[in-house]
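Structure file entry01.cif with mmCIF, C-alpha atoms and all ligand atoms:
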data_start
loop_
_atom_site.label_atom_id
_atom_site.label_comp_id
_atom_site.auth_asym_id
_atom_site.auth_seq_id
_atom_site.Cartn_x
_atom_site.Cartn_y
_atom_site.Cartn_z
CA MET A 1 -84.69 11.95 -21.50
CA GLN A 2 -84.40 8.77 -19.43
CA ASN A 3 -88.11 7.95 -19.66
CA SER A 4 -89.05 8.72 -23.25
CA PRO A 5 -87.68 6.41 -25.92
CA GLU A 6 -86.05 8.13 -28.86
CA THR A 7 -86.85 6.79 -32.33
CA VAL A 8 -84.07 6.78 -34.94
CA LYS A 9 -83.79 5.62 -38.51
CA CYS A 10 -80.25 4.35 -38.24
CA LEU A 11 -78.34 3.51 -35.09
CA ILE A 12 -74.65 2.66 -35.36
CA ILE A 13 -72.93 0.87 -32.49
CA GLY A 14 -69.15 1.21 -32.45
CA SER A 15 -66.59 3.79 -33.55
CA GLY A 16 -63.78 2.08 -35.45
CA PRO A 17 -63.27 2.37 -39.21
CA ALA A 18 -66.42 0.31 -39.83
CA GLY A 19 -68.72 2.42 -37.64
CA TYR A 20 -67.45 5.78 -38.86
CA THR A 21 -67.55 4.75 -42.51
CA ALA A 22 -71.12 3.50 -42.05
CA ALA A 23 -71.86 6.89 -40.48
CA VAL A 24 -70.41 8.85 -43.41
CA TYR A 25 -72.54 6.91 -45.88
CA ALA A 26 -75.67 6.90 -43.72
CA ALA A 27 -75.42 10.63 -43.02
CA ARG A 28 -74.92 11.48 -46.68
CA ALA A 29 -78.01 9.37 -47.49
CA ASN A 30 -80.09 11.42 -45.02
CA LEU A 31 -80.56 8.55 -42.56
CA ASP A 32 -79.72 10.93 -39.66
CA PRO A 33 -77.47 8.35 -38.00
CA ILE A 34 -76.70 8.30 -34.32
CA LEU A 35 -73.41 6.61 -33.48
CA TYR A 36 -72.57 5.30 -30.01
CA THR A 37 -68.80 5.11 -29.60
CA GLY A 38 -68.66 2.51 -26.83
CA LYS A 39 -65.99 2.35 -24.14
CA GLU A 40 -63.05 2.79 -26.48
CA PRO A 41 -63.85 5.60 -28.92
CA GLY A 42 -61.93 5.02 -32.14
CA GLY A 43 -61.46 1.31 -31.46
CA GLN A 44 -58.28 -0.67 -31.96
CA LEU A 45 -56.57 1.93 -34.15
CA MET A 46 -56.32 4.17 -31.10
CA ILE A 47 -53.66 1.80 -29.75
CA THR A 48 -51.74 1.50 -33.01
CA THR A 49 -48.80 3.60 -34.08
CA ASP A 50 -48.13 3.99 -37.80
CA VAL A 51 -50.73 2.73 -40.22
CA GLU A 52 -48.82 2.20 -43.44
CA ASN A 53 -51.27 0.08 -45.39
CA TYR A 54 -54.36 2.29 -45.60
CA PRO A 55 -54.62 3.56 -49.18
CA GLY A 56 -54.45 7.31 -49.58
CA TYR A 57 -51.70 7.92 -47.03
CA PRO A 58 -48.40 7.54 -48.93
CA ASP A 59 -46.38 8.47 -45.85
CA GLY A 60 -48.51 6.50 -43.39
CA ILE A 61 -50.61 7.99 -40.62
CA MET A 62 -50.82 7.53 -36.87
CA GLY A 63 -53.83 5.40 -35.84
CA PRO A 64 -55.35 7.97 -33.41
CA GLN A 65 -55.01 10.76 -36.00
CA MET A 66 -56.72 8.58 -38.58
CA MET A 67 -59.63 7.90 -36.25
CA GLU A 68 -60.01 11.57 -35.45
CA ASP A 69 -60.22 12.23 -39.19
CA PHE A 70 -62.82 9.47 -39.58
CA ARG A 71 -64.91 11.00 -36.79
CA LYS A 72 -64.69 14.52 -38.22
CA GLN A 73 -65.74 13.25 -41.63
CA ALA A 74 -68.75 11.46 -40.12
CA GLU A 75 -69.71 14.58 -38.13
CA ARG A 76 -69.31 16.86 -41.12
CA PHE A 77 -72.34 15.21 -42.71
CA GLY A 78 -74.39 15.38 -39.54
CA THR A 79 -73.72 12.13 -37.64
CA ASP A 80 -74.70 12.49 -33.99
CA VAL A 81 -71.68 10.95 -32.22
CA ARG A 82 -72.38 10.01 -28.59
CA TYR A 83 -69.68 8.91 -26.18
CA GLU A 84 -71.58 6.23 -24.34
CA LEU A 85 -71.89 2.48 -24.13
CA ILE A 86 -74.84 0.44 -25.34
CA SER A 87 -75.51 -2.09 -22.60
CA LYS A 88 -78.67 -3.91 -23.67
CA VAL A 89 -80.47 -4.71 -26.91
CA GLU A 90 -83.65 -6.40 -28.07
CA LEU A 91 -83.21 -7.09 -31.74
CA ASN A 92 -86.53 -8.27 -33.06
CA GLY A 93 -89.71 -6.85 -34.48
CA SER A 94 -89.67 -3.98 -36.92
CA LEU A 95 -88.35 -1.52 -34.35
CA HIS A 96 -85.25 -2.67 -32.48
CA LYS A 97 -84.83 -1.63 -28.88
CA VAL A 98 -81.49 -0.52 -27.54
CA TRP A 99 -80.51 0.88 -24.13
CA THR A 100 -77.48 2.94 -23.20
CA GLU A 101 -75.57 2.32 -19.99
CA GLY A 102 -77.24 5.44 -18.60
CA GLY A 103 -80.68 3.92 -19.21
CA HIS A 104 -81.69 5.92 -22.29
CA GLU A 105 -83.97 3.82 -24.53
CA ILE A 106 -83.74 4.03 -28.30
CA HIS A 107 -86.05 2.50 -30.88
CA ALA A 108 -84.16 1.99 -34.13
CA HIS A 109 -85.58 1.14 -37.54
CA SER A 110 -82.14 -0.12 -38.52
CA VAL A 111 -79.07 -1.03 -36.49
CA ILE A 112 -75.51 -1.26 -37.78
CA ILE A 113 -73.20 -3.24 -35.53
CA SER A 114 -69.53 -2.32 -35.68
CA THR A 115 -68.37 -3.18 -32.19
CA GLY A 116 -65.03 -4.62 -33.28
CA ALA A 117 -62.90 -7.01 -31.29
CA SER A 118 -60.78 -6.92 -28.10
CA ALA A 119 -57.43 -8.33 -27.07
CA LYS A 120 -57.22 -11.94 -25.91
CA TRP A 121 -55.37 -13.03 -22.77
CA LEU A 122 -53.42 -16.20 -22.01
CA GLY A 123 -55.70 -17.08 -19.08
CA LEU A 124 -52.98 -17.45 -16.43
CA GLU A 125 -53.75 -16.58 -12.82
CA SER A 126 -50.53 -14.54 -12.64
CA GLU A 127 -51.60 -12.56 -15.70
CA LYS A 128 -54.75 -11.35 -13.92
CA ARG A 129 -53.01 -10.74 -10.61
CA LEU A 130 -50.29 -8.65 -12.24
CA ALA A 131 -52.52 -6.78 -14.69
CA ASN A 132 -51.40 -3.14 -14.75
CA LYS A 133 -48.48 -4.16 -12.51
CA GLY A 134 -46.29 -5.00 -15.46
CA VAL A 135 -48.78 -7.04 -17.52
CA SER A 136 -50.39 -5.29 -20.47
CA ALA A 137 -52.12 -6.07 -23.77
CA CYS A 138 -51.10 -2.80 -25.36
CA ALA A 139 -47.45 -1.97 -25.92
CA VAL A 140 -48.26 1.35 -27.48
CA CYS A 141 -50.29 2.38 -24.43
CA ASP A 142 -47.95 1.07 -21.75
CA GLY A 143 -44.51 0.61 -23.34
CA PHE A 144 -43.43 4.03 -22.13
CA PHE A 145 -43.57 2.83 -18.50
CA PHE A 146 -40.91 0.22 -19.24
CA ARG A 147 -38.38 2.34 -21.07
CA GLY A 148 -34.84 1.32 -20.22
CA GLN A 149 -36.04 -2.09 -18.94
CA GLU A 150 -36.19 -5.62 -20.36
CA VAL A 151 -39.61 -6.81 -21.48
CA ALA A 152 -41.25 -9.90 -22.98
CA ILE A 153 -44.05 -10.11 -25.50
CA VAL A 154 -46.13 -13.19 -26.38
CA GLY A 155 -47.38 -13.86 -29.90
CA GLY A 156 -46.13 -14.34 -33.43
CA GLY A 157 -48.70 -12.39 -35.45
CA ASP A 158 -48.54 -8.90 -36.94
CA THR A 159 -49.64 -7.35 -33.66
CA ALA A 160 -46.82 -9.01 -31.71
CA ALA A 161 -44.33 -8.08 -34.43
CA GLU A 162 -45.49 -4.46 -34.55
CA GLU A 163 -45.52 -4.13 -30.78
CA SER A 164 -42.09 -5.74 -30.35
CA LEU A 165 -40.69 -3.25 -32.85
CA TYR A 166 -42.31 -0.43 -30.92
CA LEU A 167 -40.88 -1.74 -27.64
CA SER A 168 -37.43 -2.23 -29.18
CA LYS A 169 -37.17 1.55 -29.47
CA LEU A 170 -37.79 1.98 -25.75
CA CYS A 171 -36.27 -1.09 -24.15
CA PRO A 172 -32.74 -2.53 -24.23
CA LYS A 173 -34.03 -6.08 -24.84
CA VAL A 174 -37.35 -7.42 -26.05
CA HIS A 175 -37.98 -11.16 -25.65
CA MET A 176 -40.53 -12.31 -28.17
CA LEU A 177 -42.15 -15.61 -27.13
CA VAL A 178 -43.41 -17.53 -30.15
CA ARG A 179 -45.13 -20.85 -29.50
CA ARG A 180 -44.28 -22.47 -32.86
CA ASP A 181 -41.12 -22.60 -34.95
CA GLU A 182 -42.52 -19.93 -37.26
CA MET A 183 -44.45 -16.70 -37.05
CA ARG A 184 -47.88 -15.97 -38.41
CA ALA A 185 -46.91 -12.34 -39.07
CA SER A 186 -46.55 -10.99 -42.62
CA LYS A 187 -43.13 -11.41 -44.24
CA ILE A 188 -42.24 -7.74 -44.10
CA MET A 189 -42.97 -7.55 -40.36
CA GLN A 190 -41.02 -10.75 -39.69
CA GLU A 191 -38.05 -9.32 -41.57
CA ARG A 192 -38.18 -6.16 -39.51
CA VAL A 193 -38.27 -8.17 -36.30
CA MET A 194 -35.39 -10.42 -37.36
CA ASN A 195 -33.34 -7.39 -38.41
CA THR A 196 -33.77 -5.67 -35.06
CA GLU A 197 -30.81 -6.48 -32.87
CA ASN A 198 -32.43 -6.09 -29.49
CA ILE A 199 -35.43 -8.33 -30.25
CA ILE A 200 -34.65 -11.90 -29.20
CA VAL A 201 -37.08 -14.40 -30.65
CA HIS A 202 -37.65 -17.48 -28.48
CA TRP A 203 -39.10 -20.15 -30.78
CA ASN A 204 -41.31 -23.04 -29.58
CA THR A 205 -41.71 -21.18 -26.33
CA GLU A 206 -44.78 -21.03 -24.10
CA THR A 207 -45.42 -19.04 -20.99
CA GLN A 208 -45.85 -21.09 -17.84
CA GLU A 209 -46.11 -18.28 -15.32
CA ILE A 210 -45.51 -14.58 -14.97
CA LEU A 211 -43.32 -14.05 -11.92
CA GLY A 212 -43.57 -11.38 -9.25
CA GLU A 213 -45.71 -10.46 -6.25
CA GLU A 214 -46.43 -6.74 -6.45
CA GLN A 215 -44.77 -6.12 -9.83
CA VAL A 216 -43.62 -8.34 -12.69
CA THR A 217 -40.06 -9.54 -12.08
CA GLY A 218 -39.79 -12.18 -14.79
CA VAL A 219 -41.44 -14.90 -16.80
CA ARG A 220 -41.08 -18.68 -16.57
CA VAL A 221 -41.17 -20.29 -20.00
CA ILE A 222 -41.02 -23.81 -21.36
CA ASN A 223 -39.60 -24.92 -24.67
CA ASN A 224 -42.32 -27.22 -26.01
CA GLN A 225 -39.78 -29.24 -28.03
CA THR A 226 -37.11 -29.88 -25.41
CA GLN A 227 -39.36 -29.35 -22.35
CA ALA A 228 -36.58 -27.17 -20.91
CA VAL A 229 -37.91 -24.66 -18.40
CA SER A 230 -36.18 -21.32 -17.92
CA GLU A 231 -36.77 -17.91 -16.40
CA ILE A 232 -36.27 -14.60 -18.16
CA PRO A 233 -36.00 -11.55 -15.91
CA VAL A 234 -38.32 -8.85 -17.29
CA LYS A 235 -40.20 -5.89 -15.84
CA GLY A 236 -42.92 -5.80 -18.46
CA PHE A 237 -44.98 -8.60 -19.98
CA PHE A 238 -47.05 -7.87 -23.07
CA VAL A 239 -49.74 -10.14 -24.48
CA ALA A 240 -50.36 -9.88 -28.24
CA ILE A 241 -52.10 -13.11 -29.19
CA GLY A 242 -55.12 -11.97 -31.13
CA HIS A 243 -58.61 -10.74 -30.44
CA LYS A 244 -62.16 -11.73 -29.52
CA PRO A 245 -65.16 -10.10 -31.21
CA ASN A 246 -67.16 -7.74 -28.98
CA THR A 247 -70.50 -9.35 -29.64
CA ASP A 248 -71.66 -10.75 -26.26
CA LEU A 249 -74.36 -8.09 -26.18
CA PHE A 250 -76.04 -9.61 -29.23
CA LYS A 251 -75.99 -13.27 -28.14
CA GLY A 252 -79.40 -14.86 -28.35
CA PHE A 253 -80.50 -12.45 -31.09
CA LEU A 254 -77.93 -12.84 -33.84
CA ASP A 255 -76.43 -15.95 -35.43
CA MET A 256 -72.70 -16.21 -34.69
CA ASP A 257 -69.90 -18.70 -35.20
CA GLU A 258 -68.38 -20.56 -32.25
CA THR A 259 -65.98 -17.68 -31.47
CA GLY A 260 -68.72 -15.06 -31.52
CA TYR A 261 -68.17 -13.54 -34.95
CA ILE A 262 -71.56 -12.42 -36.29
CA LEU A 263 -72.67 -14.32 -39.39
CA THR A 264 -73.73 -12.25 -42.38
CA GLN A 265 -75.60 -13.41 -45.47
CA GLY A 266 -73.66 -13.94 -48.70
CA LYS A 267 -71.95 -10.84 -49.95
CA THR A 268 -74.08 -8.55 -47.76
CA SER A 269 -73.92 -7.16 -44.25
CA LYS A 270 -77.37 -8.59 -43.42
CA THR A 271 -77.65 -10.62 -40.23
CA ASN A 272 -80.40 -13.15 -39.52
CA VAL A 273 -82.51 -10.32 -38.04
CA GLU A 274 -84.25 -7.95 -40.43
CA GLY A 275 -82.95 -4.41 -40.23
CA VAL A 276 -79.79 -5.40 -38.34
CA PHE A 277 -76.49 -5.22 -40.22
CA ALA A 278 -72.98 -6.16 -39.14
CA SER A 279 -69.64 -4.73 -40.25
CA GLY A 280 -65.97 -4.66 -39.32
CA ASP A 281 -64.13 -7.04 -37.01
CA ALA A 282 -67.36 -8.03 -35.22
CA GLN A 283 -68.14 -10.15 -38.29
CA ASP A 284 -64.74 -10.66 -39.90
CA ASN A 285 -62.31 -13.24 -38.58
CA VAL A 286 -60.34 -13.40 -41.80
CA TYR A 287 -59.20 -10.01 -43.07
CA ARG A 288 -59.50 -7.77 -39.98
CA GLN A 289 -57.91 -4.73 -41.57
CA ALA A 290 -58.87 -1.09 -41.18
CA VAL A 291 -59.55 -0.83 -44.89
CA THR A 292 -61.71 -3.97 -45.02
CA ALA A 293 -63.57 -2.84 -41.90
CA ALA A 294 -64.26 0.51 -43.58
CA GLY A 295 -65.44 -1.32 -46.71
CA THR A 296 -67.93 -3.42 -44.77
CA GLY A 297 -69.10 -0.30 -42.89
CA CYS A 298 -69.94 1.21 -46.26
CA MET A 299 -71.80 -1.98 -47.24
CA ALA A 300 -73.81 -1.93 -44.02
CA ALA A 301 -74.92 1.67 -44.58
CA LEU A 302 -75.94 0.91 -48.18
CA ASP A 303 -77.83 -2.21 -47.04
CA ALA A 304 -79.53 -0.20 -44.27
CA GLU A 305 -80.52 2.52 -46.72
CA ARG A 306 -82.07 -0.02 -49.12
CA TYR A 307 -83.89 -1.70 -46.26
CA LEU A 308 -85.30 1.59 -44.96
CA THR A 309 -86.37 2.58 -48.48
CA GLU A 310 -88.13 -0.76 -49.03
CA LYS A 311 -89.94 -0.34 -45.71
CA GLY A 312 -90.98 3.19 -46.69
CA ILE A 313 -89.19 4.74 -43.72
CA VAL A 314 -87.03 7.04 -45.83
P1 LIG B 401 -53.18 -13.26 -35.11
O1 LIG B 401 -54.35 -14.13 -34.82
O2 LIG B 401 -52.78 -13.00 -36.50
O3 LIG B 401 -51.90 -13.88 -34.37
C1 LIG B 401 -51.96 -14.32 -33.04
C2 LIG B 401 -50.59 -14.83 -32.64
O4 LIG B 401 -50.63 -15.19 -31.27
C3 LIG B 401 -50.17 -16.08 -33.40
O5 LIG B 401 -48.78 -16.08 -33.59
C4 LIG B 401 -50.59 -17.20 -32.45
O6 LIG B 401 -49.82 -18.35 -32.59
C5 LIG B 401 -50.29 -16.56 -31.10
N1 LIG B 401 -51.08 -17.12 -30.03
C6 LIG B 401 -52.42 -17.29 -29.96
N2 LIG B 401 -52.79 -17.80 -28.78
C7 LIG B 401 -51.64 -17.99 -28.08
C8 LIG B 401 -51.36 -18.50 -26.80
N3 LIG B 401 -52.32 -18.92 -25.98
N4 LIG B 401 -50.07 -18.53 -26.42
C9 LIG B 401 -49.08 -18.10 -27.22
N5 LIG B 401 -49.28 -17.60 -28.45
C10 LIG B 401 -50.56 -17.55 -28.87
O7 LIG B 401 -53.49 -11.91 -34.32
P2 LIG B 401 -52.87 -10.46 -34.50
O8 LIG B 401 -53.51 -9.67 -33.43
O9 LIG B 401 -51.41 -10.49 -34.54
O10 LIG B 401 -53.37 -9.96 -35.91
C11 LIG B 401 -54.77 -9.93 -36.22
C12 LIG B 401 -54.98 -9.41 -37.64
O11 LIG B 401 -54.64 -8.04 -37.74
C13 LIG B 401 -54.12 -10.12 -38.68
O12 LIG B 401 -54.85 -10.29 -39.86
C14 LIG B 401 -52.97 -9.16 -38.89
O13 LIG B 401 -52.37 -9.30 -40.16
C15 LIG B 401 -53.65 -7.81 -38.72
N6 LIG B 401 -52.70 -6.78 -38.25
C16 LIG B 401 -52.07 -6.00 -39.18
C17 LIG B 401 -51.17 -5.03 -38.79
C18 LIG B 401 -50.50 -4.21 -39.83
O14 LIG B 401 -50.61 -4.53 -41.00
N7 LIG B 401 -49.82 -3.13 -39.48
C19 LIG B 401 -50.83 -4.78 -37.38
C20 LIG B 401 -51.54 -5.69 -36.48
C21 LIG B 401 -52.41 -6.64 -36.93
P3 LIG B 401 -50.12 -19.41 -33.76
O15 LIG B 401 -49.61 -18.79 -35.01
O16 LIG B 401 -49.34 -20.59 -33.30
O17 LIG B 401 -51.60 -19.65 -33.75
#
Using C-alpha cells, write down the structure that the file contains.
Amino acid sequence: MQNSPETVKCLIIGSGPAGYTAAVYAARANLDPILYTGKEPGGQLMITTDVENYPGYPDGIMGPQMMEDFRKQAERFGTDVRYELISKVELNGSLHKVWTEGGHEIHAHSVIISTGASAKWLGLESEKRLANKGVSACAVCDGFFFRGQEVAIVGGGDTAAEESLYLSKLCPKVHMLVRRDEMRASKIMQERVMNTENIIVHWNTETQEILGEEQVTGVRVINNQTQAVSEIPVKGFFVAIGHKPNTDLFKGFLDMDETGYILTQGKTSKTNVEGVFASGDAQDNVYRQAVTAAGTGCMAALDAERYLTEKGIV
C-alpha cells in the first residue's frame, strides 16, 4: 500500500461538523469520499458538553454524541473514514497529491479541507512548563482532576463562560480572569456566569505568571487599570482564549489571511487552487459554529461535485 498511490475522486481532510457534512453530501452524490479524521477525530465538539444551539435537538445533545451521529451518517452512505493524519500536501495540477503520516500517497481529483481550529495559549514560559501539571486548554477534558479544588480560567468569550460553568459544578471556586471590563461572551452565557455564586469574575485582569514548580500552586495576576499585582492560590489553570486555524499544512499552496484562515471566493467554498475547497473553522473566523461549519461542509461537497462533473470525472 505504501508504494502505490491511490487515486480518489474526493478527499476530505478533517472530521468535525464540516468534514462529516461534506462526506454525507459527497457520498450521496456518488463521489466515493475518503475522509481522514486527523489527530482529534470529531474535532472541537469532542471537548464540549451540551450543545444547545444546533437545530433539531430541542433538549440539546452532548458534543461527542453528536459527532458520533455525524460519523455514522457519513458512513451510512459509504464514506471511507480513516483514522490517520495527513502530513503533507501538494495542491496543484489537476490531481492533488496528499500523503498520510504513515507515508501512504493519495492522488485526489478534489480535496475538501475541513481541518478546523485549535486552542490558543497565552505564550507564558510557565504555561508550557506546567502543561498537564495543572495547566490545560480543555476544562471538559481535565476539570475532573481538579474537583474539590480552586481553579482559574482565562478568557471572556463563550468558551471561557461555558468552561467556567462546567468547572463551577466540580470546584468550590472558579476565578475567571477577564482582561477587559466586559466579556465577549453572548448575553445568555454572561448571565449564567454572573448568576453562579462560586464563579468570581476578575475584571481588567491579566495573567503575569502561573506559579508552581512541579504542579500549579497559584497564579500571579495584574489589574491593568490599577497595576495592582496579586496572587490567587489555585491548583488548576485553564486557558480559554480562542483558537487558531489548523492550516499550516496548506501554507504556500492556498491563499490565507494573516491569521491563517483560508480565503474562499465569494459565496463559494472555492480556494485559489482549482479542485480544492475549504469549509468550517479553517476558513471561518467570524461565525465558527457547528451549524455554520456543517453548512459550509455541504457547500464544499456541492462545489466539488460540480467541479468533478465539469471536468468529466463523474
Ligand atoms: P473568542 O475569540 O470569542 O473569545 C476569546 C476570549 O479570550 C475573549 O474574551 C478575549 O478577550 C480573550 N483573550 C484573547 N487573548 C487573550 C489573552 N492573551 N489574554 C487574556 N484573554 C485573552 O473565543 P471563544 O473560544 O470563546 O469562542 C469562539 C467562537 O465560538 C465564538 O463565536 C463563540 O460564540 C463560539 N462558541 C459558542 C459556544 C456556544 O454557543 N455554546 C461555546 C463556545 C464557543 P477580548 O474580548 O478582550 O479580545
Task: Surroundings of ligand LIG 401 (chain B) up to 7 Å, based on only C-alpha atoms and all ligand atoms, as an NGL selection string - done: :A and (51-53 or 122 or 154-160 or 162 or 178-180 or 183-186 or 206 or 240-243 or 286-289)
Open item on the list: Set the distance at 7 Å and use all atoms listed in the file: which residues neighbour range 2-17 of chain A once local chain neighbours fewer than 4 positions away are removed? I'd like the list as a PyMOL selection string.
Closed with: chain A and resi 21+31-38+41-43+103-115+290+293-294
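Closest approach to Gly60 in chain A among A:Thr48, A:Thr226, A:Asn92, A:Thr217 is made by A:Thr48 (distances from only C-alpha atoms).
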Once you count all atoms listed in the file, what closest atom pair and distance in Å to one decimal does each residue of range 122-200 of chain A within 6 Å of range 209-215 of chain A have, with rows by chain and rising residue number, as a tab-separated table?
residue	atom	partner	partner_atom	distance
A:Ser126	CA	A:Ile210	CA	5.5
A:Lys133	CA	A:Gln215	CA	5.0
A:Gly134	CA	A:Gln215	CA	5.9
Those residues with C-alpha atoms, as a PDB file, in the frame of the given file please?
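File produced: selection_36.pdb:
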ATOM      1  CA  SER A 126     -50.530 -14.540 -12.640  1.00  0.00           C
ATOM      2  CA  LYS A 133     -48.480  -4.160 -12.510  1.00  0.00           C
ATOM      3  CA  GLY A 134     -46.290  -5.000 -15.460  1.00  0.00           C
TER       4      GLY A 134
END
- [ ] Would you mind telling me which residue in A:Val81, A:Leu95, A:Val221, A:Val239 lies nearest to Glu274 in chain A when using all atoms listed in the file?
- [x] A:Leu95
TODO: Would you kindly return, as number ranges by chain, each protein, DNA or RNA residue with an atom no farther than 8 Å from any atom of range 244-259 of chain A, considering all atoms listed in the file and excluding same-chain residues fewer than 6 positions away?
DONE: A: 87-92, 115-120, 271-273, 281-283
